[in-house]
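**Q** One structure coming up, written as structure tokens, with questions to follow.
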Amino acid sequence: MKLKEIASYLNCEIVGDADVEINKVSEIQNASKGDITFIANPKYEKFFETTKASAVIVAKNFQRRRDDLSLLLVDDPYYAFVKVLKILNPPLELLPPGIHQTAVVSKTAVLGKNVRIGANVVIGERVKIGDNSVIMHGVVIGDDVEIGGDVLIYPNVTVYHKCKIGNRVIIHSGTVIGSDGFGFAPRPDGTYEKIPQVGIVVIEDDVEIGSNCSIDRATLGETIIKRGAKLDNLIQIAHNVVIGENTVIAAQTGIAGSTRIGKNCVLAGQVGIVGHIEIADRTTIAAQSGVSKSITEPGKVYFGYPAREHSLALRIEGAIRQLPELIKEFRELKTKIEKLVLGG
Amino acid sequence: MKLKEIASYLNCEIVGDADVEINKVSEIQNASKGDITFIANPKYEKFFETTKASAVIVAKNFQRRRDDLSLLLVDDPYYAFVKVLKILNPPLELLPPGIHQTAVVSKTAVLGKNVRIGANVVIGERVKIGDNSVIMHGVVIGDDVEIGGDVLIYPNVTVYHKCKIGNRVIIHSGTVIGSDGFGFAPRPDGTYEKIPQVGIVVIEDDVEIGSNCSIDRATLGETIIKRGAKLDNLIQIAHNVVIGENTVIAAQTGIAGSTRIGKNCVLAGQVGIVGHIEIADRTTIAAQSGVSKSITEPGKVYFGYPAREHSLALRIEGAIRQLPELIKEFRELKTKIEKLVLGG
Amino acid sequence: MKLKEIASYLNCEIVGDADVEINKVSEIQNASKGDITFIANPKYEKFFETTKASAVIVAKNFQRRRDDLSLLLVDDPYYAFVKVLKILNPPLELLPPGIHQTAVVSKTAVLGKNVRIGANVVIGERVKIGDNSVIMHGVVIGDDVEIGGDVLIYPNVTVYHKCKIGNRVIIHSGTVIGSDGFGFAPRPDGTYEKIPQVGIVVIEDDVEIGSNCSIDRATLGETIIKRGAKLDNLIQIAHNVVIGENTVIAAQTGIAGSTRIGKNCVLAGQVGIVGHIEIADRTTIAAQSGVSKSITEPGKVYFGYPAREHSLALRIEGAIRQLPELIKEFRELKTKIEKLVLGG
């Protein structure tokens, strides 16, 4: 692809050779001839002089120039990079068309047009799968599951019976959708009686779920991952949780039963959120924080264990750092005063 | 099912129409005509006036009434709810009877009566499986594994060779039983030599294990999950750990090697427990706590990082909240005193 | 095996009966006749008088003796134990030779000599697998993956397309290699656009990875686990992370994107490390710590949330323990002074 074709696609200005041939996108420090790269973060400007790339995407106000290096001037270099990455890396054909001969597809299942099914897949009774969806090798889809169109399920995923998955959903390997919620009633003799988990999981459109996540079915009703939410790997979503639209959750975070997370929230990695609380829209929770109470005001940042609002958490954290010195000073002052008082 | 049939099963009093038809159990706020619901927590009493359910299970001392709503008066509404849930939701038939034609079952395996085996299951040499057990699609059972009766193993579980699973055990998808313990001997050149992990995992009767857990085999001897223990999802149980009877462990908790957890303990989510310690019976550990020392007195509550006994942890947590103010007050006092002393 | 054969293999001195028959290695407290055990930790010396083992491996300077118990005197009892464990427990034959008839192996795949492939394995297009490697049941290997020789992949592992695995690598069940990195570009309307993850994962020689880990592919370039690194279970390795040679990582630890961990580091369990930082060689991070800044000086120990250098973390931890008492003393002193000043 010639650079001018990319510029035309991005609808942006070129500085330098417009006919240079571009083969792939690379990181600026590892790029070689034929590569296009980008500078979105000033931290990477130091590589501008030495990069071996053939072209760099930069912001319109970027001033530096090199005779042997073409530039694309854009409003948002990071987003332009994503667009170029997409043009140069069209989605792979992960499976050939059709249904693999080793797949076990129930006769009562209803598959849309152009559905692709990999080897050793098991599709249960009365399952519905929409057009163009791809179900890779070793996936097990339980009875009565409904899956939308343009869905991509990677190998060895398990979807339990009756769960519902929307359109354009991506689910990575090892993830389990619809395992039983953790519900047991304690008995007087110290044993526990299992509470049947008869609800389901609903995953709305445009959700992506990483690898080895566990999304439990509801006790009654639904556990819901709303439209556009993005989940990283090894995440625990307990029964009856609701994750709001466009909320992003990083790896190894866990959300306990019946908690409702608002929309457009950002939960960093290894966060824990207790059950039966609500988190307001646009809340940000820093990594490893433990949230034990509802957050009612939207748009705030929380961190710590227990999680506190950002400015308070910073004040406390700063105070803790001063604590050893404080104790020393206090002991000195106390001794001095006692001497003064006794001496007086 | 008529309400009077349910009342008869629960052996309880009815207030209102005993002939109303009941189809399913619902949450009080989402219930509709034909539903039965319950109030076990006073927090949900606010929905009593507006619920569209046909019947509500309440405590005997519950005073409110509605003409159009039947009540069941019981001693323990939560437990009654669990019982009704069970009557109205008999276990699903997750697999048809028999062994699926795609299953690979070793000729030396011994299967009990009425064992059901799903598609693409692999059963190793000399495996024994008890009566009525259900092994779902894609499960791999290694050589010499012993599995009891009435066991339910969900899809894509892996059980390594020689492990032993009791009766009425439930294991959810993605869980791995018997992977190697994390044992390596450091060598003088900085590399590590693998220590063979030749022990096994023993899972006793009535244990339930959630999805995507890792239960490692012992280096020597046994890793043991004792009778009636319940494990949530994404839990790490290291080699040679012993989990006591009826102990409950919430999601994403990890227990390091050779630690012994007592019986009837409750470990909340994301707890970490170091290796080679003992936790007394009936200990409760709050979410995200880090336990680094043995707990010898039974029946106590611990929390924090590092975990401390409840009242001490609360005192320290309260003190930390006061710390920024304390530092301010201290500085003021010190300045005042220095002025006084210098001034004097 | 006679004890003298073991002594000859270890090249060490025997005290007592050299002809005693040894069948297996046991823990000292659980050993019975025919067992060999060891004392590497003084804590276990208390079992010396009562153990029913036939032989004990001890350090050369161990002084105690029992007439009915043979001893092997060695420099390093723990390492000698590992060696004896290996002689008495040769690797199991986990799969019979050859390719199971249910395996789906692409015609364009190239398999080395003596490769063993289990039931229901799927091997993609153009995959290369080196000599003597064992791919167990239900494993899915994506297109264009390269796997070295003497590799062991346990059941139900998924390796995504194009990833590279070295020689003598061990991967336990449920682990996912090469799932998409967590990369999304926020759009002005609050939705997220997926950033194609076109890089790969490279796992070098002699790496072992536990069960249910997630190792994400790079956005561009490579996520790398270097030679000799050992990973426990349920670990998250994000896109573009580099794990140094012979670094050991315990269970449930997570490392965020583009972070580089040095060589010969030890990361304990449930550690979290933020993205885009560097950790120096030979760093030790204690369990549950949260590391948010680069560590530049090699060979130090860190712990806490946020993680601090060992001596500082200990001082702060000690100070926090004194805090409730400090507040009490401060209030008393302040009251006393105010009385004095007012009184004066």
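Every chain in the structure tokens takes a letter, A first, then B, and so on in the order presented; its residues are numbered from 1, and the ligands are numbered from 1 following the presented order.
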Produce a table with one row for each residue of chain C that has an atom at most 8 Å from any atom of chain A, each row naming the nearest atom pair and its distance in Å at one decimal; use only C-alpha atoms; arrange rows by chain and rising residue number; format as a tab-separated table.
**A**
residue	atom	partner	partner_atom	distance
C:Val104	CA	A:Ala119	CA	7.4
C:Asn120	CA	A:Asn120	CA	6.8
C:Val122	CA	A:Ala119	CA	7.1
C:Gly138	CA	A:Gly138	CA	7.1
C:Val140	CA	A:Pro155	CA	6.9
C:Asn156	CA	A:Asn156	CA	7.0
C:Thr158	CA	A:Pro155	CA	6.7
C:Gly174	CA	A:Gly174	CA	6.3
C:Thr175	CA	A:Gly174	CA	7.6
C:Val176	CA	A:Ser173	CA	6.5
C:Ser179	CA	A:His172	CA	6.5
C:Asp180	CA	A:Gly210	CA	7.5
C:Phe182	CA	A:Asp232	CA	6.0
C:Ala185	CA	A:Tyr79	CA	6.9
C:Gly190	CA	A:Asn264	CA	6.7
C:Thr191	CA	A:Asn246	CA	5.6
C:Tyr192	CA	A:Asn246	CA	7.1
C:Ile195	CA	A:Val82	CA	5.8
C:Pro196	CA	A:Lys86	CA	6.5
C:Val198	CA	A:Asn89	CA	7.4
C:Asn212	CA	A:Asn212	CA	6.7
C:Cys213	CA	A:Asn212	CA	7.6
C:Ser214	CA	A:Ser211	CA	6.3
C:Leu220	CA	A:Ser26	CA	6.2
C:Gly221	CA	A:Ser26	CA	7.4
C:Leu234	CA	A:Leu234	CA	7.4
C:Gln236	CA	A:Ala251	CA	7.0
C:Gln252	CA	A:Gln252	CA	7.9
C:Gly254	CA	A:Gln252	CA	7.3
C:Gly272	CA	A:Gln270	CA	7.2
C:Gly290	CA	A:Gln288	CA	7.2
C:Arg315	CA	A:Pro324	CA	6.6
C:Ile316	CA	A:Pro324	CA	6.0
C:Ala319	CA	A:Pro324	CA	5.5
C:Ile320	CA	A:Leu323	CA	7.5
C:Leu326	CA	A:Ile327	CA	7.5
C:Phe330	CA	A:Phe330	CA	7.9
C:Leu333	CA	A:Lys334	CA	7.4
**Q** Would you mind exporting N, CA, C and O atoms of the selected residues as a compact mmCIF listing (two decimals), in the first residue's frame?
**A**
# COMPACT_ATOMS: atom_id res chain seq x y z
N VAL C 104 -7.68 -33.73 15.09
CA VAL C 104 -7.86 -33.07 13.79
C VAL C 104 -6.58 -32.31 13.49
O VAL C 104 -6.33 -31.25 14.05
N ASN C 120 -9.15 -35.60 20.38
CA ASN C 120 -9.86 -34.33 20.16
C ASN C 120 -8.96 -33.11 20.11
O ASN C 120 -9.41 -31.99 20.29
N VAL C 122 -6.89 -30.25 18.23
CA VAL C 122 -6.99 -29.59 16.93
C VAL C 122 -5.67 -28.87 16.65
O VAL C 122 -5.24 -28.05 17.46
N GLY C 138 -7.85 -32.53 23.86
CA GLY C 138 -8.65 -31.31 23.86
C GLY C 138 -7.87 -30.02 23.65
O GLY C 138 -8.45 -28.93 23.71
N VAL C 140 -6.15 -27.02 21.69
CA VAL C 140 -6.34 -26.38 20.39
C VAL C 140 -5.11 -25.53 20.08
O VAL C 140 -4.76 -24.64 20.86
N ASN C 156 -6.83 -29.41 27.30
CA ASN C 156 -7.69 -28.23 27.25
C ASN C 156 -6.96 -26.90 27.31
O ASN C 156 -7.53 -25.88 27.72
N THR C 158 -5.33 -23.73 25.19
CA THR C 158 -5.53 -23.10 23.88
C THR C 158 -4.33 -22.22 23.54
O THR C 158 -3.94 -21.38 24.35
N GLY C 174 -6.06 -25.56 30.85
CA GLY C 174 -6.88 -24.37 30.96
C GLY C 174 -6.15 -23.08 30.62
O GLY C 174 -6.77 -22.02 30.53
N THR C 175 -4.83 -23.16 30.47
CA THR C 175 -4.09 -21.93 30.16
C THR C 175 -4.32 -21.51 28.72
O THR C 175 -4.50 -22.34 27.83
N VAL C 176 -4.36 -20.18 28.52
CA VAL C 176 -4.60 -19.61 27.20
C VAL C 176 -3.38 -18.76 26.81
O VAL C 176 -3.02 -17.84 27.53
N SER C 179 -4.33 -14.86 23.70
CA SER C 179 -5.60 -14.13 23.58
C SER C 179 -5.28 -12.65 23.36
O SER C 179 -4.19 -12.17 23.66
N ASP C 180 -6.27 -11.92 22.84
CA ASP C 180 -6.03 -10.52 22.49
C ASP C 180 -5.65 -9.69 23.71
O ASP C 180 -6.28 -9.80 24.77
N PHE C 182 -5.67 -6.28 25.91
CA PHE C 182 -6.84 -5.46 26.27
C PHE C 182 -6.60 -4.05 25.76
O PHE C 182 -6.11 -3.18 26.49
N ALA C 185 -9.62 1.98 22.00
CA ALA C 185 -9.48 3.43 21.91
C ALA C 185 -10.82 4.06 22.25
O ALA C 185 -11.83 3.75 21.62
N GLY C 190 -18.33 7.88 24.09
CA GLY C 190 -18.27 7.02 25.27
C GLY C 190 -18.09 5.55 24.93
O GLY C 190 -17.86 4.74 25.84
N THR C 191 -18.19 5.18 23.67
CA THR C 191 -17.93 3.79 23.29
C THR C 191 -16.42 3.59 23.09
O THR C 191 -15.64 4.54 23.16
N TYR C 192 -16.06 2.33 22.87
CA TYR C 192 -14.65 1.99 22.66
C TYR C 192 -14.47 1.29 21.33
O TYR C 192 -15.31 0.48 20.94
N ILE C 195 -8.69 -2.11 19.31
CA ILE C 195 -7.41 -1.98 18.63
C ILE C 195 -6.95 -3.39 18.25
O ILE C 195 -6.77 -4.24 19.13
N PRO C 196 -6.79 -3.66 16.95
CA PRO C 196 -6.38 -5.01 16.56
C PRO C 196 -5.10 -5.39 17.29
O PRO C 196 -4.19 -4.57 17.45
N VAL C 198 -2.17 -7.49 16.81
CA VAL C 198 -1.56 -8.24 15.71
C VAL C 198 -0.20 -8.83 16.06
O VAL C 198 0.43 -9.47 15.22
N ASN C 212 -4.78 -22.49 34.03
CA ASN C 212 -5.70 -21.35 33.96
C ASN C 212 -5.01 -19.99 33.96
O ASN C 212 -5.54 -19.01 34.51
N CYS C 213 -3.83 -19.91 33.34
CA CYS C 213 -3.18 -18.60 33.14
C CYS C 213 -3.66 -17.99 31.82
O CYS C 213 -4.09 -18.70 30.91
N SER C 214 -3.56 -16.66 31.75
CA SER C 214 -3.85 -15.94 30.51
C SER C 214 -2.62 -15.13 30.11
O SER C 214 -2.21 -14.23 30.85
N LEU C 220 1.47 -4.90 18.95
CA LEU C 220 2.47 -5.03 17.89
C LEU C 220 3.65 -5.72 18.53
O LEU C 220 3.92 -5.52 19.71
N GLY C 221 4.40 -6.49 17.78
CA GLY C 221 5.60 -7.11 18.35
C GLY C 221 5.27 -8.34 19.17
O GLY C 221 4.41 -9.13 18.81
N LEU C 234 -3.30 -19.26 37.34
CA LEU C 234 -4.24 -18.12 37.36
C LEU C 234 -3.52 -16.77 37.26
O LEU C 234 -3.94 -15.78 37.86
N GLN C 236 -2.06 -13.46 35.18
CA GLN C 236 -2.39 -12.60 34.05
C GLN C 236 -1.11 -11.92 33.55
O GLN C 236 -0.44 -11.22 34.32
N GLN C 252 -1.95 -16.13 40.82
CA GLN C 252 -2.90 -15.01 40.84
C GLN C 252 -2.24 -13.65 40.75
O GLN C 252 -2.89 -12.62 40.98
N GLY C 254 -0.76 -10.49 38.63
CA GLY C 254 -1.10 -9.89 37.35
C GLY C 254 -0.11 -8.81 36.97
O GLY C 254 0.28 -8.00 37.82
N GLY C 272 0.23 -7.28 42.11
CA GLY C 272 -0.20 -6.53 40.94
C GLY C 272 0.89 -5.56 40.54
O GLY C 272 1.45 -4.86 41.39
N GLY C 290 1.33 -4.14 45.64
CA GLY C 290 0.94 -3.41 44.44
C GLY C 290 2.08 -2.49 44.02
O GLY C 290 2.42 -1.57 44.75
N ARG C 315 9.15 -0.30 58.64
CA ARG C 315 9.05 0.84 59.55
C ARG C 315 7.64 1.42 59.53
O ARG C 315 7.06 1.73 60.57
N ILE C 316 7.08 1.55 58.32
CA ILE C 316 5.72 2.11 58.21
C ILE C 316 4.71 1.16 58.85
O ILE C 316 3.83 1.56 59.60
N ALA C 319 4.91 1.45 62.49
CA ALA C 319 4.34 2.73 62.93
C ALA C 319 2.81 2.66 62.96
O ALA C 319 2.18 3.16 63.88
N ILE C 320 2.24 2.00 61.94
CA ILE C 320 0.78 1.89 61.88
C ILE C 320 0.26 1.11 63.10
O ILE C 320 -0.77 1.46 63.68
N LEU C 326 -0.60 5.96 69.86
CA LEU C 326 -0.04 7.29 69.64
C LEU C 326 -1.14 8.36 69.74
O LEU C 326 -0.96 9.40 70.38
N PHE C 330 -1.24 11.32 72.36
CA PHE C 330 -1.23 12.69 71.86
C PHE C 330 -2.36 13.51 72.48
O PHE C 330 -2.16 14.64 72.92
N LEU C 333 -1.51 14.29 76.05
CA LEU C 333 -0.47 15.32 76.15
C LEU C 333 -1.02 16.69 75.82
O LEU C 333 -0.74 17.68 76.50
**Q** Using only C-alpha atoms, which protein or nucleic acid residues come within 10 Å of Asn41 (chain A)? Drop anything in the same chain fewer than 4 positions from it, and give the result as a list of chain:residue names.
**A**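 Everything that qualifies: A:Glu45, A:Val58, A:Pro77, A:Tyr78.
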**Q** Of the candidates C:Lys60, C:Arg217, C:Lys46, C:Lys52, which shows the shortest atom-to-atom distance to Ile200 (chain C), using only C-alpha atoms?
**A**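 Among C:Lys60, C:Arg217, C:Lys46, C:Lys52, it is C:Arg217 that comes nearest to Ile200 (chain C).
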**Q** Can you tell me how far CA of Leu73 (chain B) sits from CA of Phe48 (chain B), in Å to one decimal?
**A** 14.5 Å
**Q** Show me, as number ranges by chain, the residues that have an atom within 9 Å of Gly299 (chain B) when counting only C-alpha atoms, minus same-chain residues fewer than 3 positions from it.
**A** B: 265, 280-284
**Q** Give me, as an mmCIF file with N, CA and C atoms, in the first residue's frame, all polymer residues having an atom no more than 8 Å from Glu125 (chain C), counting only C-alpha atoms and skipping those fewer than 5 positions away in the same chain.
**A**
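Below you can see out34.cif, which holds the result:
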data_model
loop_
_atom_site.group_PDB
_atom_site.id
_atom_site.type_symbol
_atom_site.label_atom_id
_atom_site.label_comp_id
_atom_site.auth_asym_id
_atom_site.auth_seq_id
_atom_site.Cartn_x
_atom_site.Cartn_y
_atom_site.Cartn_z
ATOM 1 N N SER C 106 -4.155 -30.555 10.778
ATOM 2 C CA SER C 106 -4.124 -29.984 9.427
ATOM 3 C C SER C 106 -3.074 -30.688 8.573
ATOM 4 N N LYS C 107 -3.380 -30.818 7.284
ATOM 5 C CA LYS C 107 -2.428 -31.473 6.371
ATOM 6 C C LYS C 107 -1.147 -30.672 6.214
ATOM 7 N N THR C 108 -1.219 -29.378 6.466
ATOM 8 C CA THR C 108 -0.031 -28.547 6.294
ATOM 9 C C THR C 108 0.807 -28.471 7.575
ATOM 10 N N ALA C 109 0.378 -29.139 8.640
ATOM 11 C CA ALA C 109 1.170 -29.146 9.877
ATOM 12 C C ALA C 109 2.385 -30.060 9.704
ATOM 13 N N GLY C 142 -3.631 -22.998 17.292
ATOM 14 C CA GLY C 142 -4.061 -22.175 16.156
ATOM 15 C C GLY C 142 -3.100 -22.247 14.971
ATOM 16 N N ASP C 143 -3.494 -21.641 13.859
ATOM 17 C CA ASP C 143 -2.680 -21.650 12.648
ATOM 18 C C ASP C 143 -1.312 -21.001 12.887
ATOM 19 N N ASP C 144 -0.304 -21.542 12.208
ATOM 20 C CA ASP C 144 1.030 -20.933 12.159
ATOM 21 C C ASP C 144 1.750 -20.901 13.508
#
**Q** Identify which of the residues B:Val20, B:Arg126, B:Leu72, B:Thr219 lies closest to Ala7 (chain B), counting only C-alpha atoms when measuring atom-to-atom distances.
**A**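 Closest candidate: B:Leu72.
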**Q** If you run DSSP on the backbone, which residues of region 28-207 of chain B are strand (DSSP E or B), as a count of residues only?
**A** 55
**Q** Run DSSP on the backbone and tell me which residues of region 191-319 of chain C come out as alpha helix (DSSP H); list them as number ranges by chain.
**A** C: 310-319
**Q** Would you export the selected residues with all heavy atoms as a PDB file, in the first residue's frame, please?
**A**
ATOM      1  N   HIS C 310      11.809  -2.903  51.496  1.00  0.00           N
ATOM      2  CA  HIS C 310      11.564  -3.721  52.674  1.00  0.00           C
ATOM      3  C   HIS C 310      11.703  -2.982  54.010  1.00  0.00           C
ATOM      4  O   HIS C 310      10.793  -2.981  54.841  1.00  0.00           O
ATOM      5  CB  HIS C 310      12.524  -4.913  52.623  1.00  0.00           C
ATOM      6  CG  HIS C 310      12.298  -5.925  53.677  1.00  0.00           C
ATOM      7  ND1 HIS C 310      13.154  -6.092  54.742  1.00  0.00           N
ATOM      8  CD2 HIS C 310      11.307  -6.834  53.835  1.00  0.00           C
ATOM      9  CE1 HIS C 310      12.702  -7.065  55.504  1.00  0.00           C
ATOM     10  NE2 HIS C 310      11.602  -7.551  54.976  1.00  0.00           N
ATOM     11  N   SER C 311      12.840  -2.291  54.237  1.00  0.00           N
ATOM     12  CA  SER C 311      13.065  -1.696  55.560  1.00  0.00           C
ATOM     13  C   SER C 311      12.078  -0.537  55.789  1.00  0.00           C
ATOM     14  O   SER C 311      11.557  -0.360  56.887  1.00  0.00           O
ATOM     15  CB  SER C 311      14.515  -1.225  55.702  1.00  0.00           C
ATOM     16  OG  SER C 311      14.800  -0.280  54.692  1.00  0.00           O
ATOM     17  N   LEU C 312      11.797   0.213  54.732  1.00  0.00           N
ATOM     18  CA  LEU C 312      10.832   1.310  54.845  1.00  0.00           C
ATOM     19  C   LEU C 312       9.420   0.753  55.095  1.00  0.00           C
ATOM     20  O   LEU C 312       8.686   1.239  55.967  1.00  0.00           O
ATOM     21  CB  LEU C 312      10.851   2.164  53.570  1.00  0.00           C
ATOM     22  CG  LEU C 312       9.817   3.298  53.513  1.00  0.00           C
ATOM     23  CD1 LEU C 312       9.974   4.252  54.701  1.00  0.00           C
ATOM     24  CD2 LEU C 312       9.924   4.069  52.201  1.00  0.00           C
ATOM     25  N   ALA C 313       9.069  -0.285  54.357  1.00  0.00           N
ATOM     26  CA  ALA C 313       7.744  -0.890  54.524  1.00  0.00           C
ATOM     27  C   ALA C 313       7.576  -1.413  55.948  1.00  0.00           C
ATOM     28  O   ALA C 313       6.529  -1.235  56.569  1.00  0.00           O
ATOM     29  CB  ALA C 313       7.548  -2.016  53.502  1.00  0.00           C
ATOM     30  N   LEU C 314       8.631  -2.035  56.486  1.00  0.00           N
ATOM     31  CA  LEU C 314       8.580  -2.542  57.856  1.00  0.00           C
ATOM     32  C   LEU C 314       8.412  -1.405  58.852  1.00  0.00           C
ATOM     33  O   LEU C 314       7.641  -1.507  59.810  1.00  0.00           O
ATOM     34  CB  LEU C 314       9.865  -3.296  58.197  1.00  0.00           C
ATOM     35  CG  LEU C 314       9.952  -4.755  57.775  1.00  0.00           C
ATOM     36  CD1 LEU C 314      11.269  -5.347  58.252  1.00  0.00           C
ATOM     37  CD2 LEU C 314       8.777  -5.551  58.345  1.00  0.00           C
ATOM     38  N   ARG C 315       9.153  -0.301  58.643  1.00  0.00           N
ATOM     39  CA  ARG C 315       9.053   0.844  59.551  1.00  0.00           C
ATOM     40  C   ARG C 315       7.640   1.417  59.530  1.00  0.00           C
ATOM     41  O   ARG C 315       7.062   1.734  60.572  1.00  0.00           O
ATOM     42  CB  ARG C 315      10.054   1.932  59.135  1.00  0.00           C
ATOM     43  CG  ARG C 315      11.396   1.789  59.849  1.00  0.00           C
ATOM     44  CD  ARG C 315      12.034   3.130  60.109  1.00  0.00           C
ATOM     45  NE  ARG C 315      12.131   3.898  58.867  1.00  0.00           N
ATOM     46  CZ  ARG C 315      12.164   5.219  58.825  1.00  0.00           C
ATOM     47  NH1 ARG C 315      12.086   5.929  59.940  1.00  0.00           N
ATOM     48  NH2 ARG C 315      12.266   5.856  57.668  1.00  0.00           N
ATOM     49  N   ILE C 316       7.075   1.554  58.323  1.00  0.00           N
ATOM     50  CA  ILE C 316       5.723   2.106  58.214  1.00  0.00           C
ATOM     51  C   ILE C 316       4.712   1.157  58.848  1.00  0.00           C
ATOM     52  O   ILE C 316       3.832   1.564  59.601  1.00  0.00           O
ATOM     53  CB  ILE C 316       5.386   2.414  56.737  1.00  0.00           C
ATOM     54  CG1 ILE C 316       6.171   3.660  56.315  1.00  0.00           C
ATOM     55  CG2 ILE C 316       3.881   2.600  56.543  1.00  0.00           C
ATOM     56  CD1 ILE C 316       5.967   4.099  54.892  1.00  0.00           C
ATOM     57  N   GLU C 317       4.876  -0.139  58.573  1.00  0.00           N
ATOM     58  CA  GLU C 317       3.966  -1.133  59.136  1.00  0.00           C
ATOM     59  C   GLU C 317       4.027  -1.107  60.667  1.00  0.00           C
ATOM     60  O   GLU C 317       3.003  -1.136  61.357  1.00  0.00           O
ATOM     61  CB  GLU C 317       4.341  -2.514  58.586  1.00  0.00           C
ATOM     62  CG  GLU C 317       3.420  -3.634  58.950  1.00  0.00           C
ATOM     63  CD  GLU C 317       1.967  -3.331  58.711  1.00  0.00           C
ATOM     64  OE1 GLU C 317       1.658  -2.703  57.686  1.00  0.00           O
ATOM     65  OE2 GLU C 317       1.144  -3.682  59.574  1.00  0.00           O
ATOM     66  N   GLY C 318       5.240  -1.005  61.219  1.00  0.00           N
ATOM     67  CA  GLY C 318       5.410  -0.912  62.667  1.00  0.00           C
ATOM     68  C   GLY C 318       4.764   0.352  63.221  1.00  0.00           C
ATOM     69  O   GLY C 318       4.123   0.342  64.282  1.00  0.00           O
ATOM     70  N   ALA C 319       4.911   1.448  62.493  1.00  0.00           N
ATOM     71  CA  ALA C 319       4.343   2.728  62.929  1.00  0.00           C
ATOM     72  C   ALA C 319       2.815   2.661  62.956  1.00  0.00           C
ATOM     73  O   ALA C 319       2.175   3.163  63.881  1.00  0.00           O
ATOM     74  CB  ALA C 319       4.820   3.846  62.000  1.00  0.00           C
TER      75      ALA C 319
END
**Q** May I have the residues within 12 Å of Ile295 (chain C) as a PyMOL selection string, using only C-alpha atoms and disregarding those fewer than 4 positions away in the same chain?
**A** chain C and resi 259-262+265+273-274+276-285+291+299-302+307-309
**Q** To one decimal in Å, tell me the separation between CA of Ile129 (chain C) and CA of Gly98 (chain C).
**A**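 Computed distance, CA of Ile129 (chain C) to CA of Gly98 (chain C), equals 13.4 Å.
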**Q** Mind checking which residues fall within 10 Å of Asn61 (chain B), counting only C-alpha atoms, ignoring those fewer than 2 positions away in the same chain, and posting them as a list of chain:residue names?
**A** B:Val58, B:Ala59, B:Gln63, B:Arg64, B:Leu73, B:Val74, B:Asp75
**Q** Take the selection from the previous step and output its residues with N, CA, C and O atoms, as a PDB file, in the first residue's frame.
**A**
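Output file again-v8.pdb follows:
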ATOM      1  N   VAL B  58     -43.222 -15.028  54.117  1.00  0.00           N
ATOM      2  CA  VAL B  58     -42.763 -14.060  55.121  1.00  0.00           C
ATOM      3  C   VAL B  58     -42.586 -14.753  56.468  1.00  0.00           C
ATOM      4  O   VAL B  58     -43.035 -15.890  56.665  1.00  0.00           O
ATOM      5  N   ALA B  59     -41.946 -14.049  57.394  1.00  0.00           N
ATOM      6  CA  ALA B  59     -41.770 -14.588  58.742  1.00  0.00           C
ATOM      7  C   ALA B  59     -43.112 -14.560  59.487  1.00  0.00           C
ATOM      8  O   ALA B  59     -43.994 -13.752  59.176  1.00  0.00           O
ATOM      9  N   GLN B  63     -46.380  -8.413  59.914  1.00  0.00           N
ATOM     10  CA  GLN B  63     -47.699  -7.873  60.271  1.00  0.00           C
ATOM     11  C   GLN B  63     -48.520  -7.368  59.092  1.00  0.00           C
ATOM     12  O   GLN B  63     -49.739  -7.317  59.168  1.00  0.00           O
ATOM     13  N   ARG B  64     -47.828  -6.948  58.036  1.00  0.00           N
ATOM     14  CA  ARG B  64     -48.569  -6.291  56.954  1.00  0.00           C
ATOM     15  C   ARG B  64     -49.380  -7.290  56.132  1.00  0.00           C
ATOM     16  O   ARG B  64     -49.049  -8.466  56.036  1.00  0.00           O
ATOM     17  N   LEU B  73     -46.729 -18.058  56.013  1.00  0.00           N
ATOM     18  CA  LEU B  73     -46.051 -17.660  57.250  1.00  0.00           C
ATOM     19  C   LEU B  73     -45.141 -18.801  57.710  1.00  0.00           C
ATOM     20  O   LEU B  73     -45.608 -19.909  57.989  1.00  0.00           O
ATOM     21  N   VAL B  74     -43.855 -18.522  57.782  1.00  0.00           N
ATOM     22  CA  VAL B  74     -42.878 -19.577  58.107  1.00  0.00           C
ATOM     23  C   VAL B  74     -41.881 -19.091  59.162  1.00  0.00           C
ATOM     24  O   VAL B  74     -41.782 -17.899  59.440  1.00  0.00           O
ATOM     25  N   ASP B  75     -41.112 -20.023  59.709  1.00  0.00           N
ATOM     26  CA  ASP B  75     -40.073 -19.653  60.690  1.00  0.00           C
ATOM     27  C   ASP B  75     -38.889 -18.973  60.016  1.00  0.00           C
ATOM     28  O   ASP B  75     -38.350 -17.999  60.515  1.00  0.00           O
TER      29      ASP B  75
END
**Q** Do you know which residues are at most 8 Å from Ala18 (chain B) counting only C-alpha atoms, after dropping those on the same chain fewer than 5 positions away, and could you put them as a list in words?
**A** Lys2, Leu3, Lys4 and Ser70 of chain B
